[in-house]
$ cat upload.cif   # mmCIF, C-alpha atoms
data_model
loop_
_atom_site.label_atom_id
_atom_site.label_comp_id
_atom_site.auth_asym_id
_atom_site.auth_seq_id
_atom_site.Cartn_x
_atom_site.Cartn_y
_atom_site.Cartn_z
CA MET A 1 -12.66 -1.22 -20.60
CA ALA A 2 -10.58 1.85 -19.68
CA ASN A 3 -10.00 4.60 -22.25
CA SER A 4 -7.65 3.09 -24.84
CA THR A 5 -5.65 6.30 -25.39
CA SER A 6 -4.91 6.72 -21.68
CA MET A 7 -4.07 3.03 -21.44
CA VAL A 8 -1.52 3.23 -24.27
CA LYS A 9 -0.02 6.33 -22.66
CA LYS A 10 0.20 4.51 -19.32
CA LEU A 11 1.95 1.46 -20.80
CA VAL A 12 4.42 3.63 -22.74
CA SER A 13 5.34 5.78 -19.72
CA ASN A 14 5.65 2.63 -17.61
CA LYS A 15 5.86 4.58 -14.34
CA PHE A 16 3.73 6.51 -11.89
CA LYS A 17 4.07 8.32 -8.58
CA ILE A 18 2.94 7.61 -5.04
CA GLY A 19 3.17 10.99 -3.38
CA ASP A 20 6.63 12.23 -4.32
CA VAL A 21 8.03 8.71 -4.80
CA GLU A 22 8.47 7.69 -8.41
CA ILE A 23 7.62 4.05 -9.06
CA PRO A 24 9.62 3.01 -12.16
CA GLY A 25 7.13 0.47 -13.47
CA LEU A 26 3.59 -0.84 -13.21
CA ILE A 27 4.20 -4.26 -11.64
CA ILE A 28 4.48 -4.35 -7.85
CA GLN A 29 5.40 -7.13 -5.43
CA GLY A 30 2.73 -7.56 -2.78
CA PRO A 31 3.09 -7.75 1.01
CA MET A 32 2.75 -11.33 2.29
CA ALA A 33 3.02 -12.39 5.92
CA GLY A 34 5.83 -14.87 6.50
CA VAL A 35 6.99 -14.48 2.89
CA ALA A 36 7.92 -10.91 1.92
CA ASN A 37 11.01 -10.53 4.08
CA GLU A 38 14.17 -8.79 2.90
CA ALA A 39 15.46 -11.85 1.01
CA PHE A 40 12.21 -12.24 -0.94
CA ARG A 41 12.06 -8.52 -1.67
CA LEU A 42 15.62 -8.39 -2.98
CA ILE A 43 14.93 -11.30 -5.33
CA SER A 44 11.70 -9.62 -6.48
CA LYS A 45 13.51 -6.32 -7.07
CA LYS A 46 16.31 -8.00 -9.02
CA HIS A 47 13.74 -9.62 -11.31
CA GLY A 48 11.87 -6.44 -12.11
CA ALA A 49 9.42 -5.51 -9.34
CA ALA A 50 8.93 -1.73 -9.57
CA LEU A 51 8.03 -1.49 -5.89
CA VAL A 52 8.63 -4.08 -3.17
CA CYS A 53 6.43 -4.32 -0.08
CA SER A 54 7.27 -5.78 3.32
CA GLU A 55 5.36 -8.39 5.25
CA MET A 56 3.05 -6.73 7.76
CA VAL A 57 4.59 -5.39 10.96
CA SER A 58 2.62 -5.11 14.20
CA ILE A 59 2.23 -1.57 15.53
CA GLU A 60 1.94 -3.05 19.02
CA GLY A 61 5.22 -4.89 18.52
CA LEU A 62 6.91 -1.64 17.51
CA ARG A 63 5.35 0.30 20.35
CA HIS A 64 6.49 -2.25 22.90
CA LYS A 65 9.97 -2.48 21.37
CA ASN A 66 9.61 -6.11 20.27
CA GLU A 67 12.98 -7.07 18.80
CA LYS A 68 11.50 -9.07 15.92
CA SER A 69 9.18 -6.22 14.92
CA HIS A 70 12.00 -3.69 14.99
CA LYS A 71 14.18 -5.90 12.78
CA MET A 72 11.32 -6.15 10.28
CA ILE A 73 11.33 -2.41 9.57
CA SER A 74 14.88 -2.51 8.24
CA ILE A 75 15.18 -1.79 4.52
CA ASN A 76 18.18 -2.80 2.41
CA GLN A 77 19.61 -0.03 0.21
CA SER A 78 19.09 -2.26 -2.85
CA GLU A 79 15.31 -2.40 -2.29
CA HIS A 80 14.30 1.17 -3.10
CA PRO A 81 11.58 2.11 -3.68
CA ALA A 82 10.20 0.02 -0.84
CA SER A 83 6.96 0.10 1.13
CA LEU A 84 6.63 -0.93 4.78
CA GLN A 85 3.25 -2.32 5.85
CA LEU A 86 1.83 -1.78 9.35
CA PHE A 87 -1.17 -3.45 10.96
CA GLY A 88 -3.17 -2.78 14.11
CA ASN A 89 -6.38 -1.06 15.18
CA ASP A 90 -5.51 1.66 17.70
CA VAL A 91 -4.98 5.24 16.51
CA GLU A 92 -2.52 6.15 19.28
CA ALA A 93 -0.49 2.99 18.66
CA PHE A 94 -0.40 3.76 14.94
CA VAL A 95 0.95 7.23 15.71
CA LYS A 96 3.73 5.87 17.92
CA ALA A 97 4.64 3.16 15.42
CA THR A 98 4.64 5.69 12.58
CA LYS A 99 7.06 7.95 14.42
CA LEU A 100 9.36 4.99 15.05
CA VAL A 101 9.26 4.02 11.37
CA ASP A 102 9.94 7.61 10.34
CA GLN A 103 12.95 7.67 12.65
CA TYR A 104 14.44 4.21 12.19
CA SER A 105 13.31 2.84 8.83
CA ASP A 106 14.63 3.83 5.42
CA CYS A 107 11.39 2.77 3.71
CA ASP A 108 9.99 5.11 1.07
CA ILE A 109 6.28 4.51 1.74
CA ILE A 110 4.18 3.48 4.75
CA ASP A 111 1.32 1.12 3.86
CA LEU A 112 -1.62 0.34 6.16
CA ASN A 113 -3.01 -3.18 6.19
CA LEU A 114 -6.79 -2.87 6.08
CA GLY A 115 -7.46 -6.14 4.30
CA CYS A 116 -5.71 -9.15 5.84
CA PRO A 117 -8.33 -11.93 6.18
CA ALA A 118 -6.33 -14.24 8.48
CA PRO A 119 -8.23 -15.08 11.69
CA LYS A 120 -5.28 -14.15 13.92
CA VAL A 121 -5.32 -10.66 12.39
CA ALA A 122 -8.95 -10.02 11.46
CA ILE A 123 -10.53 -11.80 14.46
CA ARG A 124 -8.02 -12.13 17.27
CA SER A 125 -6.29 -8.77 16.71
CA GLN A 126 -9.40 -7.00 15.36
CA SER A 127 -7.18 -5.57 12.62
CA GLY A 128 -6.75 -6.00 8.87
CA SER A 129 -10.07 -6.60 7.13
CA GLN A 130 -11.95 -6.24 10.43
CA LEU A 131 -11.45 -2.49 10.07
CA LEU A 132 -13.61 -2.48 6.93
CA LYS A 133 -16.54 -2.73 9.33
CA THR A 134 -15.61 0.66 10.82
CA PRO A 135 -14.88 3.11 7.97
CA LYS A 136 -14.82 6.07 10.37
CA LEU A 137 -11.97 4.46 12.34
CA ILE A 138 -10.11 3.82 9.08
CA GLY A 139 -10.32 7.53 8.32
CA GLU A 140 -8.99 8.41 11.77
CA ILE A 141 -6.09 5.96 11.44
CA VAL A 142 -5.07 7.17 7.98
CA GLU A 143 -5.33 10.83 8.99
CA ALA A 144 -3.22 10.24 12.12
CA VAL A 145 -0.51 8.34 10.25
CA VAL A 146 -0.35 10.96 7.47
CA ALA A 147 0.02 13.71 10.08
CA ASN A 148 2.95 12.00 11.76
CA THR A 149 5.23 11.05 8.87
CA THR A 150 7.09 12.71 6.05
CA LYS A 151 6.59 9.61 3.88
CA PRO A 152 3.65 8.97 1.54
CA VAL A 153 0.96 6.81 3.16
CA THR A 154 -0.98 4.13 1.28
CA ALA A 155 -3.60 1.57 2.28
CA LYS A 156 -4.44 -1.94 1.13
CA ILE A 157 -8.07 -3.02 1.39
CA ARG A 158 -10.47 -5.76 0.34
CA LEU A 159 -13.92 -5.22 -1.14
CA GLY A 160 -15.62 -5.54 2.23
CA TRP A 161 -16.25 -8.04 5.00
CA ASP A 162 -18.52 -10.24 2.88
CA LYS A 163 -20.63 -10.01 -0.27
CA GLU A 164 -23.53 -8.50 1.68
CA ASN A 165 -21.26 -5.72 2.95
CA ILE A 166 -19.15 -4.55 0.02
CA ASN A 167 -17.99 -1.02 0.81
CA ALA A 168 -14.67 -0.62 -1.04
CA VAL A 169 -15.74 2.58 -2.81
CA GLU A 170 -16.92 4.19 0.44
CA VAL A 171 -13.74 3.18 2.24
CA ALA A 172 -11.53 4.33 -0.64
CA LYS A 173 -13.11 7.78 -0.61
CA ILE A 174 -12.52 8.03 3.15
CA ILE A 175 -8.88 6.93 2.73
CA GLU A 176 -8.35 9.54 0.01
CA ALA A 177 -9.98 12.29 2.05
CA ALA A 178 -7.76 11.39 5.03
CA GLY A 179 -4.65 12.17 2.98
CA ALA A 180 -3.44 8.84 1.60
CA SER A 181 -1.34 8.92 -1.57
CA ALA A 182 -2.55 5.63 -3.12
CA ILE A 183 -4.75 2.64 -2.43
CA THR A 184 -4.44 -1.05 -3.28
CA VAL A 185 -7.63 -3.04 -3.76
CA HIS A 186 -7.75 -6.83 -3.58
CA GLY A 187 -10.82 -7.93 -5.52
CA ARG A 188 -12.24 -10.26 -2.86
CA THR A 189 -14.11 -9.86 0.42
CA ARG A 190 -12.72 -11.04 3.72
CA SER A 191 -15.10 -14.01 3.82
CA GLU A 192 -13.83 -15.23 0.45
CA PHE A 193 -10.20 -15.39 1.63
CA TYR A 194 -8.51 -16.57 -1.60
CA THR A 195 -11.34 -18.66 -3.04
CA GLY A 196 -13.44 -17.97 -6.10
CA LYS A 197 -12.60 -15.30 -8.63
CA ALA A 198 -11.44 -11.77 -7.82
CA ASP A 199 -13.97 -9.12 -8.83
CA TRP A 200 -12.02 -6.70 -10.98
CA GLN A 201 -15.14 -4.61 -11.69
CA GLN A 202 -15.10 -3.49 -8.07
CA ILE A 203 -11.48 -2.40 -8.53
CA LYS A 204 -12.65 -0.39 -11.54
CA ALA A 205 -15.39 1.19 -9.41
CA VAL A 206 -12.80 2.32 -6.87
CA LYS A 207 -10.56 3.70 -9.61
CA GLU A 208 -13.46 5.74 -10.97
CA ALA A 209 -14.36 7.05 -7.50
CA VAL A 210 -10.99 8.49 -6.40
CA LYS A 211 -8.22 10.64 -7.87
CA ILE A 212 -5.24 9.04 -6.12
CA PRO A 213 -3.49 6.08 -7.79
CA VAL A 214 -5.27 2.75 -7.48
CA ILE A 215 -3.31 -0.51 -7.55
CA GLY A 216 -5.20 -3.65 -8.58
CA ASN A 217 -4.60 -6.95 -6.83
CA GLY A 218 -6.03 -10.46 -7.12
CA ASP A 219 -5.74 -13.34 -9.61
CA VAL A 220 -2.79 -11.95 -11.57
CA LEU A 221 -0.79 -15.06 -12.37
CA THR A 222 0.48 -14.33 -15.89
CA PRO A 223 1.64 -11.36 -17.99
CA GLU A 224 -1.65 -11.56 -19.89
CA ASP A 225 -3.53 -11.25 -16.59
CA ALA A 226 -1.58 -8.10 -15.72
CA LYS A 227 -2.36 -6.42 -19.04
CA THR A 228 -6.02 -7.42 -18.85
CA MET A 229 -6.36 -6.01 -15.34
CA LEU A 230 -4.87 -2.69 -16.44
CA GLU A 231 -7.20 -2.56 -19.41
CA GLU A 232 -10.40 -3.67 -17.66
CA THR A 233 -10.04 -1.65 -14.46
CA GLY A 234 -8.05 1.39 -15.55
CA CYS A 235 -5.91 0.90 -12.43
CA ASP A 236 -2.53 2.63 -12.27
CA ALA A 237 -0.50 -0.46 -11.44
CA VAL A 238 -0.82 -4.16 -10.70
CA MET A 239 0.23 -5.89 -7.49
CA ILE A 240 1.28 -9.53 -7.69
CA SER A 241 1.37 -11.52 -4.46
CA ARG A 242 0.74 -15.28 -4.60
CA GLY A 243 1.69 -15.30 -8.28
CA SER A 244 5.24 -14.32 -7.34
CA GLN A 245 5.77 -17.08 -4.78
CA GLY A 246 8.55 -19.21 -6.22
CA ASN A 247 8.24 -17.24 -9.45
CA PRO A 248 10.10 -13.91 -9.30
CA TRP A 249 10.49 -14.11 -13.10
CA ILE A 250 6.86 -13.00 -13.39
CA PHE A 251 7.89 -9.37 -12.80
CA ALA A 252 10.25 -9.25 -15.79
CA GLN A 253 7.79 -11.28 -17.85
CA CYS A 254 4.99 -8.80 -17.15
CA ASN A 255 7.22 -5.79 -17.79
CA HIS A 256 8.35 -7.22 -21.13
CA TYR A 257 4.84 -8.17 -22.18
CA LEU A 258 3.43 -4.74 -21.37
CA ALA A 259 6.23 -3.09 -23.33
CA THR A 260 6.33 -5.38 -26.37
CA GLY A 261 3.35 -7.73 -26.39
CA GLU A 262 5.80 -10.63 -26.44
CA LEU A 263 6.02 -13.42 -23.88
CA LEU A 264 9.43 -14.17 -22.43
CA PRO A 265 10.32 -17.87 -22.08
CA LYS A 266 10.34 -19.51 -18.68
CA PRO A 267 13.78 -19.67 -17.04
CA SER A 268 16.06 -22.52 -18.03
CA PHE A 269 16.96 -25.02 -15.34
CA GLU A 270 20.40 -23.39 -15.00
CA GLU A 271 18.87 -19.90 -14.62
CA TRP A 272 16.37 -21.32 -12.16
CA LYS A 273 19.12 -22.85 -10.01
CA VAL A 274 21.05 -19.57 -9.83
CA THR A 275 17.99 -17.69 -8.53
CA VAL A 276 16.99 -20.41 -6.09
CA LEU A 277 20.48 -20.53 -4.55
CA GLU A 278 20.67 -16.75 -4.40
CA HIS A 279 17.34 -16.64 -2.55
CA LEU A 280 18.49 -19.40 -0.20
CA ASP A 281 21.76 -17.61 0.59
CA LEU A 282 19.98 -14.30 1.20
CA LEU A 283 17.51 -15.96 3.56
CA ALA A 284 20.26 -17.82 5.41
CA ALA A 285 22.19 -14.56 5.83
CA LEU A 286 19.03 -12.88 7.13
CA LYS A 287 17.77 -15.59 9.48
CA GLY A 288 20.84 -17.76 10.11
CA ASP A 289 21.54 -21.12 8.47
CA HIS A 290 19.26 -23.23 10.67
CA LEU A 291 16.14 -21.07 10.56
CA GLY A 292 16.83 -19.84 7.05
CA LEU A 293 16.96 -23.38 5.64
CA ARG A 294 13.76 -24.34 7.43
CA GLU A 295 11.94 -21.26 6.17
CA PHE A 296 13.26 -21.88 2.68
CA ARG A 297 11.42 -25.22 2.45
CA LYS A 298 8.14 -23.55 1.47
CA HIS A 299 9.89 -21.30 -1.04
CA LEU A 300 11.65 -24.23 -2.70
CA ASN A 301 8.35 -26.11 -2.96
CA TRP A 302 6.91 -23.09 -4.77
CA TYR A 303 10.00 -22.85 -6.99
CA TRP A 304 9.59 -26.45 -8.18
CA ASP A 305 6.21 -25.51 -9.68
CA VAL A 306 7.91 -23.26 -12.25
CA LEU A 307 9.77 -26.20 -13.78
CA PRO A 308 8.47 -28.94 -16.07
CA LYS A 309 6.94 -31.79 -14.05
CA THR A 310 8.92 -35.00 -13.66
CA LYS A 311 7.83 -38.44 -12.47
CA ASN A 312 9.86 -38.04 -9.29
CA ILE A 313 8.62 -34.53 -8.39
CA LYS A 314 6.38 -35.77 -5.56
CA ALA A 315 9.32 -37.54 -3.92
CA ILE A 316 11.46 -34.43 -4.42
CA LYS A 317 8.83 -32.24 -2.76
CA ASP A 318 8.61 -34.67 0.16
CA LEU A 319 12.39 -34.38 0.61
CA THR A 320 12.17 -30.59 0.24
CA ASN A 321 10.19 -30.51 3.49
CA LYS A 322 13.19 -32.06 5.26
CA ILE A 323 16.12 -30.00 3.95
CA GLU A 324 18.60 -28.99 6.65
CA THR A 325 21.68 -27.88 4.69
CA ARG A 326 22.62 -26.15 1.45
CA GLN A 327 24.03 -29.47 0.24
CA ASP A 328 20.58 -31.02 0.69
CA VAL A 329 19.27 -28.47 -1.80
CA LEU A 330 22.07 -29.21 -4.27
CA ASP A 331 21.30 -32.93 -3.94
CA LEU A 332 17.66 -32.25 -4.80
CA PHE A 333 18.77 -30.38 -7.91
CA MET A 334 20.59 -33.54 -9.00
CA GLU A 335 17.53 -35.70 -8.29
CA TYR A 336 15.39 -33.39 -10.38
CA GLN A 337 17.92 -33.50 -13.20
CA LYS A 338 17.78 -37.30 -13.13
CA GLY A 339 13.99 -37.11 -13.40
CA LEU A 340 14.28 -34.88 -16.45
CA ASN A 341 16.59 -37.32 -18.16
CA ASN A 342 14.39 -40.37 -17.52
#

$ encode --input "upload.cif" --output "structure tokens"
Amino acid sequence: MANSTSMVKKLVSNKFKIGDVEIPGLIIQGPMAGVANEAFRLISKKHGAALVCSEMVSIEGLRHKNEKSHKMISINQSEHPASLQLFGNDVEAFVKATKLVDQYSDCDIIDLNLGCPAPKVAIRSQSGSQLLKTPKLIGEIVEAVVANTTKPVTAKIRLGWDKENINAVEVAKIIEAAGASAITVHGRTRSEFYTGKADWQQIKAVKEAVKIPVIGNGDVLTPEDAKTMLEETGCDAVMISRGSQGNPWIFAQCNHYLATGELLPKPSFEEWKVTVLEHLDLLAALKGDHLGLREFRKHLNWYWDVLPKTKNIKAIKDLTNKIETRQDVLDLFMEYQKGLNN
């Protein structure tokens, strides 16, 4: 367990810095492909995320002026502080993308994805966690990005490619030496994807090996998990990714628990509805009604899991996968309410 005096001091101060950017809390929303768009980030921020992080943006897409990629680097003024995550594997492309972000994005921090396990990223694009196999290249990428931006640079890694090749400490030292301002460690290898249990002791090993802030990630699903991770690893902050899907209340719950030791109640159905509709409206404004409603299906399915189970929840989830209009969502609210009353 980390030094208890320093831990108490950390929880009381409830903030830390990444470079010159002050992060006003210890609970961070993680970058998730296809999830952490502006709408998701705004909801996370409103519910207490100290730092919000974008879904990963392709450096090749930026370099080749892909319209979708360029739209993804936009940051809403209500998001700050916000981190923009880039992925790729070519140093020159990272430099060009970094300059574009510096010029056109209002993000506060540039994060480098060195841990995504998805086959289309790690295998097809030879990026993300694939880079853990080439620590020297990681150092070159980080150094090049740091040299070409005025923003703090961070990196997100996994423990290694597989359990036979765990090299998180080695990679973290290289990232620090290359000029990064913080590092996030997900406590699994690439081969584990999201199975098994995250190894928080490896996060602790990274924290003990570097001087820059270390953010712990993996298997934080409750306020108690967040506090335990801080205590067991000594990490400077906790990143919540899958645990925030459909559950933005987890940020405020964690913040309150760290400050008081008390657990906040789950949202009431009325509070839940307000947040769900706000998220829906933000996504529709961002993507247009047709695409926004279709993308919201997965979010609404996650949101249902926060509520007490009803006998008709399976039927409601089946209908959730078919929503086309805002009224369809309101109708599902009524169906759920009927299930509660039966």

$ resolve_selection --input "upload.cif" --expression "the PyMOL selection byres ((chain A and resi 323-333) around 8)" --output "JSON, numbers by chain"
{"A": [273, 289, 290, 293, 294, 297, 316, 319, 320, 321, 322, 334, 335, 336, 337]}

$ atom_distance --input "upload.cif" --atom1 "CA of Ser125 (chain A)" --atom2 "CA of Asp90 (chain A)"
10.5 Å

$ residues_around --input "upload.cif" --residues "Gln126 (chain A)" --least-positions-apart "2" --cutoff "12 Å" --atoms "only C-alpha atoms" --output "list in words"
Phe87, Gly88, Asn89, Asp90, Asn113, Leu114, Gly115, Cys116, Pro117, Ala118, Pro119, Lys120, Val121, Ala122, Ile123, Arg124, Gly128, Ser129, Gln130, Leu131, Leu132, Lys133 and Thr134 of chain A

$ closest_residue --input "upload.cif" --among "A:Thr98, A:Thr150, A:Gln77, A:Gln201" --to "Glu38 (chain A)" --atoms "only C-alpha atoms"
A:Gln77

$ residues_around --input "upload.cif" --residues "Leu221 (chain A)" --least-positions-apart "5" --cutoff "9 Å" --atoms "all atoms listed in the file" --output "PyMOL selection string"
chain A and resi 226+240-244+250

$ closest_residue --input "upload.cif" --among "A:Ala182, A:Ala93, A:Leu283, A:Leu307" --to "Pro267 (chain A)" --atoms "all atoms listed in the file"
A:Leu307

$ resolve_selection --input "upload.cif" --expression "the PyMOL selection byres ((chain A and resi 279) around 9)" --output "list in words"
Ala39, Phe40, Leu42, Ile43, Val274, Thr275, Val276, Leu277, Glu278, Leu280, Asp281, Leu282, Leu283, Ala284, Phe296 and His299 of chain A

$ resolve_selection --input "upload.cif" --expression "the PyMOL selection byres ((chain A and resi 60-69) around 9)" --output "number ranges by chain"
A: 57-59, 70-73, 87-88, 90, 93-94, 96-97, 100-101

$ residues_around --input "upload.cif" --residues "Thr154 (chain A)" --least-positions-apart "4" --cutoff "8 Å" --atoms "all atoms listed in the file" --output "PyMOL selection string"
chain A and resi 109-112+180-184

$ closest_residue --input "upload.cif" --among "A:Gly187, A:Gln245, A:Ile141, A:Leu230" --to "Met32 (chain A)" --atoms "only C-alpha atoms"
A:Gln245

$ residues_around --input "upload.cif" --residues "Ile166 (chain A)" --least-positions-apart "3" --cutoff "10 Å" --atoms "all atoms listed in the file" --output "NGL selection string"
:A and (132-133 or 158-163 or 169-171 or 188-190 or 202)

$ atom_distance --input "upload.cif" --atom1 "CA of Ala147 (chain A)" --atom2 "CA of Ser78 (chain A)"
28.0 Å

$ atom_distance --input "upload.cif" --atom1 "CA of Lys156 (chain A)" --atom2 "CA of Val185 (chain A)"
5.9 Å

$ residues_around --input "upload.cif" --residues "Ile23 (chain A)" --least-positions-apart "3" --cutoff "12 Å" --atoms "all atoms listed in the file" --output "short mmCIF file (atom, residue, chain, number, x, y, z; two decimals) with C-alpha atoms, in the frame of the given file"
data_model
loop_
_atom_site.label_atom_id
_atom_site.label_comp_id
_atom_site.auth_asym_id
_atom_site.auth_seq_id
_atom_site.Cartn_x
_atom_site.Cartn_y
_atom_site.Cartn_z
CA SER A 13 5.34 5.78 -19.72
CA ASN A 14 5.65 2.63 -17.61
CA LYS A 15 5.86 4.58 -14.34
CA PHE A 16 3.73 6.51 -11.89
CA LYS A 17 4.07 8.32 -8.58
CA ILE A 18 2.94 7.61 -5.04
CA GLY A 19 3.17 10.99 -3.38
CA ASP A 20 6.63 12.23 -4.32
CA LEU A 26 3.59 -0.84 -13.21
CA ILE A 27 4.20 -4.26 -11.64
CA ILE A 28 4.48 -4.35 -7.85
CA GLN A 29 5.40 -7.13 -5.43
CA GLY A 48 11.87 -6.44 -12.11
CA ALA A 49 9.42 -5.51 -9.34
CA ALA A 50 8.93 -1.73 -9.57
CA LEU A 51 8.03 -1.49 -5.89
CA VAL A 52 8.63 -4.08 -3.17
CA HIS A 80 14.30 1.17 -3.10
CA PRO A 81 11.58 2.11 -3.68
CA ALA A 82 10.20 0.02 -0.84
CA SER A 83 6.96 0.10 1.13
CA ASP A 108 9.99 5.11 1.07
CA ILE A 109 6.28 4.51 1.74
CA ALA A 182 -2.55 5.63 -3.12
CA PRO A 213 -3.49 6.08 -7.79
CA ILE A 215 -3.31 -0.51 -7.55
CA ASP A 236 -2.53 2.63 -12.27
CA ALA A 237 -0.50 -0.46 -11.44
CA VAL A 238 -0.82 -4.16 -10.70
#

$ closest_residue --input "upload.cif" --among "A:Gln103, A:Ser127, A:Asn167, A:Ser74" --to "Thr149 (chain A)" --atoms "all atoms listed in the file"
A:Gln103

$ residues_near_point --input "upload.cif" --point "(-1.0, -10.9, -20.9)" --cutoff "9 Å" --atoms "all atoms listed in the file" --output "PyMOL selection string"
chain A and resi 222-228+254+257-258+261-263

$ closest_residue --input "upload.cif" --among "A:Val35, A:Val21, A:Val91, A:Ser54" --to "Lys151 (chain A)" --atoms "all atoms listed in the file"
A:Val21

$ closest_residue --input "upload.cif" --among "A:Gly246, A:Asn312, A:Ala252, A:Lys204" --to "Gly234 (chain A)" --atoms "only C-alpha atoms"
A:Lys204
